[in-house]
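Single-structure report; data block below.
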There are 2 protein chains.
Amino acid sequence: MQKYRLAIDAMGTDNAPKPEVDGAIQAIQTYSNLTITLYGDEAQVRPLLEAAGNPERIAVVHCTEQITNYDESASAFRVKKDSSMVRALQAVKDGEADAVMSAGNTGAYLSAATLMIGRIAGVDRPCLTTVFPTTDKNKKVIFADLGAVADGTAVNITQNAIIANEIAKVILKKDEPTVALLNIGTEEKKGNHLYLQAHQMMKAASGINFVGNIEARDIMAGLADVVVADGFTGNIMLKSHEGMQRAIFTVLKQEIKSGFLTKIGGLLLKSAFKNMRDTLDYTEVGGAVLAGVKVPVIKAHGNSDGFTYFAGLRLGLSFLDAHITEKISDSVQAQAVSKKAIEGNE
Amino acid sequence: MQKYRLAIDAMGTDNAPKPEVDGAIQAIQTYSNLTITLYGDEAQVRPLLEAAGNPERIAVVHCTEQITNYDESASAFRVKKDSSMVRALQAVKDGEADAVMSAGNTGAYLSAATLMIGRIAGVDRPCLTTVFPTTDKNKKVIFADLGAVADGTAVNITQNAIIANEIAKVILKKDEPTVALLNIGTEEKKGNHLYLQAHQMMKAASGINFVGNIEARDIMAGLADVVVADGFTGNIMLKSHEGMQRAIFTVLKQEIKSGFLTKIGGLLLKSAFKNMRDTLDYTEVGGAVLAGVKVPVIKAHGNSDGFTYFAGLRLGLSFLDAHITEKISDSVQAQAVSKKAIEGNE
């Protein structure tokens, strides 16, 4: 069995370092081939490990700094060199770890990861990918880009498709996942200039099963295995879903609390609500993965607990196990080669 | 009391012409200062009016054609000149009606309306506006653009703000509505090139109470009275909300049906679910209004029933009553003047 070494920024979650330590302990208990190094404030991290009986295969590296959400995304990693985030990334860069995980400042993390670790040859811009739920508990969607690149081009969107396609093959266990372009209509001629261009580019791309445009309301209906967009649009899509989910839960809670019978009704539906949340919870997988860089860079949610953190960690390990980085590299190269072949024939 | 004449495309809804006729009858009964002309297939429209005892102040104009969703948006109105949609628009153009309403092919309708009726002087591109719900039943948000302009510029987004601001003053009854720019983060430096530019332009615009960026997940929390975006992004936002709403209702139904006690729970919460739907239903207002053209152009939902159709019609009448078109014209002119003043000072 191949051995994996994971570098974790222990100071990233809202309740750091507890979720990180809990997640790490669970991972160590689950995977015998795993060793973890926690980067962070030793005075906070060590007691949590001691309380758990100092589990084996977990090391701690003390860091004196921390990148917060107030730090400037683009420059934070240059300014705070002894921060837990930068030290964890440095470990991967130096070949001391195979993957890295943080729940800290997203912008800073993605910038630092891209610049410190570097892109896979041929990848123009890495993308933030996640596993999105559908109304069918057994069906998931791979989405990219959730917001790594604010000014995505048609080339970026097409590469997002190639990257997410490789991820879908592994995570969804499908040979030829269907790949769709998020757009404002299903017809080929719908969309703004960027999306009209991306559509044609995806149509011409080899190695993906492109099925055309998909509207945002059909993503959770599971009409495609892979859905891609530029990072700006993907982020608006994600947070709009989140907004409606929050709104429904808020109003439903108010309504249930409004009377005696509705309270009884709420109790009777307690497990139904829980199942619904579980089915539609896009935080269930624990985070997102920055794909297109040389190692899996896992971004956990800031509000993760130990369970969610472990789920993100598991997602990252599945990337390692399936050699997704190598597969992305091959596909992007093949695409570049096929483009050259086309250009050569012209 | 001022008299209003409304031109209705009676063939636009999925179940046309019944919702249109029902909505028109309800409107006539509600507003004594209103006359309506229904454009459509007389053989289908007339019997419905007869069954209702031929209500006064409703005329029918027979049209031999119909624009469907299969017609090309940009050219449909030139090809099908005797369609119910084009004839209704022609009535407004010819000064025979004060406002127009259709539930038909959105793209064709918006193109035809813009080109046949014409823009308000100074408006670069009209925008599709709607009243969006929040978790507080008594608080609404005016949103623009929902998708009239696929390739919006920073100037378009800023004009959307000026237009929606005038609508908000009337519909929300606020003197200085807060105006926010939809974006991927609240910080001023967030967003793609277009949104960075739009942010600066809105900041410099006079006559609006610009409060900065808003994230999609905070729209329904009611954090701003007016939210604006380009049409592509606005459409993705709208349909993402719709997707999550549908997904939750789908899964919740499955869960309620799954057992005896959950069925009882579902019955006890029947009114709670209905209240929730009513609070968060963005179709409640019956549609959207294309603002920035010379008369109110009301777009009803394709799946409207008579009640929803009437709600859209009422929204259109409130535009007429408040002279919103004139107010938009004044604000856009004032903004143009203030821009000239700035340029003159440079």
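Chain labels run A, B, ... following the order of the structure tokens; each chain numbers its residues from 1, and ligands are numbered from 1 in the order shown.
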
message = If the cut-off is 8 Å, can you tell me the residues of chain B near chain A, counting only C-alpha atoms? I'd like them as a PyMOL selection string.
response = chain B and resi 134-135+150-151+183-184+191-193+215-221+232-233+235-245+247-248+250-252+255-256+261-262+264-269+272-273+275-276+279-280

Residues near Ile324 (chain A), cut-off 8 Å, only C-alpha atoms, skip fewer than 3 positions along chain, as a PyMOL selection string = chain A and resi 166-167+170+319-321+327-328

Output for the residues just chosen: N, CA and C atoms as a short mmCIF file (atom, residue, chain, number, x, y, z; two decimals), in the first residue's frame:
```
data_model
loop_
_atom_site.label_atom_id
_atom_site.label_comp_id
_atom_site.auth_asym_id
_atom_site.auth_seq_id
_atom_site.Cartn_x
_atom_site.Cartn_y
_atom_site.Cartn_z
N GLU A 166 -11.63 14.49 -15.58
CA GLU A 166 -10.75 13.47 -14.96
C GLU A 166 -11.18 13.19 -13.53
N ILE A 167 -11.56 14.24 -12.83
CA ILE A 167 -12.02 14.06 -11.44
C ILE A 167 -13.31 13.25 -11.41
N VAL A 170 -13.03 9.47 -11.68
CA VAL A 170 -12.60 8.81 -10.45
C VAL A 170 -13.68 8.89 -9.37
N PHE A 319 -8.01 11.73 -4.31
CA PHE A 319 -7.29 12.31 -5.44
C PHE A 319 -5.91 11.66 -5.57
N LEU A 320 -5.24 11.50 -4.43
CA LEU A 320 -3.91 10.89 -4.45
C LEU A 320 -3.99 9.45 -4.91
N ASP A 321 -4.93 8.72 -4.34
CA ASP A 321 -5.10 7.30 -4.63
C ASP A 321 -5.34 7.06 -6.12
N LYS A 327 -3.34 12.22 -14.18
CA LYS A 327 -4.35 12.08 -15.24
C LYS A 327 -4.70 13.44 -15.85
N ILE A 328 -4.79 14.46 -14.98
CA ILE A 328 -5.06 15.81 -15.49
C ILE A 328 -3.92 16.23 -16.41
#
```

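Taking CA of Ile162 (chain A) and CA of Pro296 (chain A) as endpoints, the distance between them is 16.2 Å.
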
ask   = How would you write, as a PyMOL selection string, the set of residues in region 113-237 of chain A that DSSP gives as strand (DSSP E)?
value = chain A and resi 127-133+140-144+178-182+209-214+226-228

remark   = With distances taken over only C-alpha atoms, the candidate from B:Asn69, B:Gln44, B:Thr35, B:Thr158 nearest Lys18 (chain B) is B:Gln44
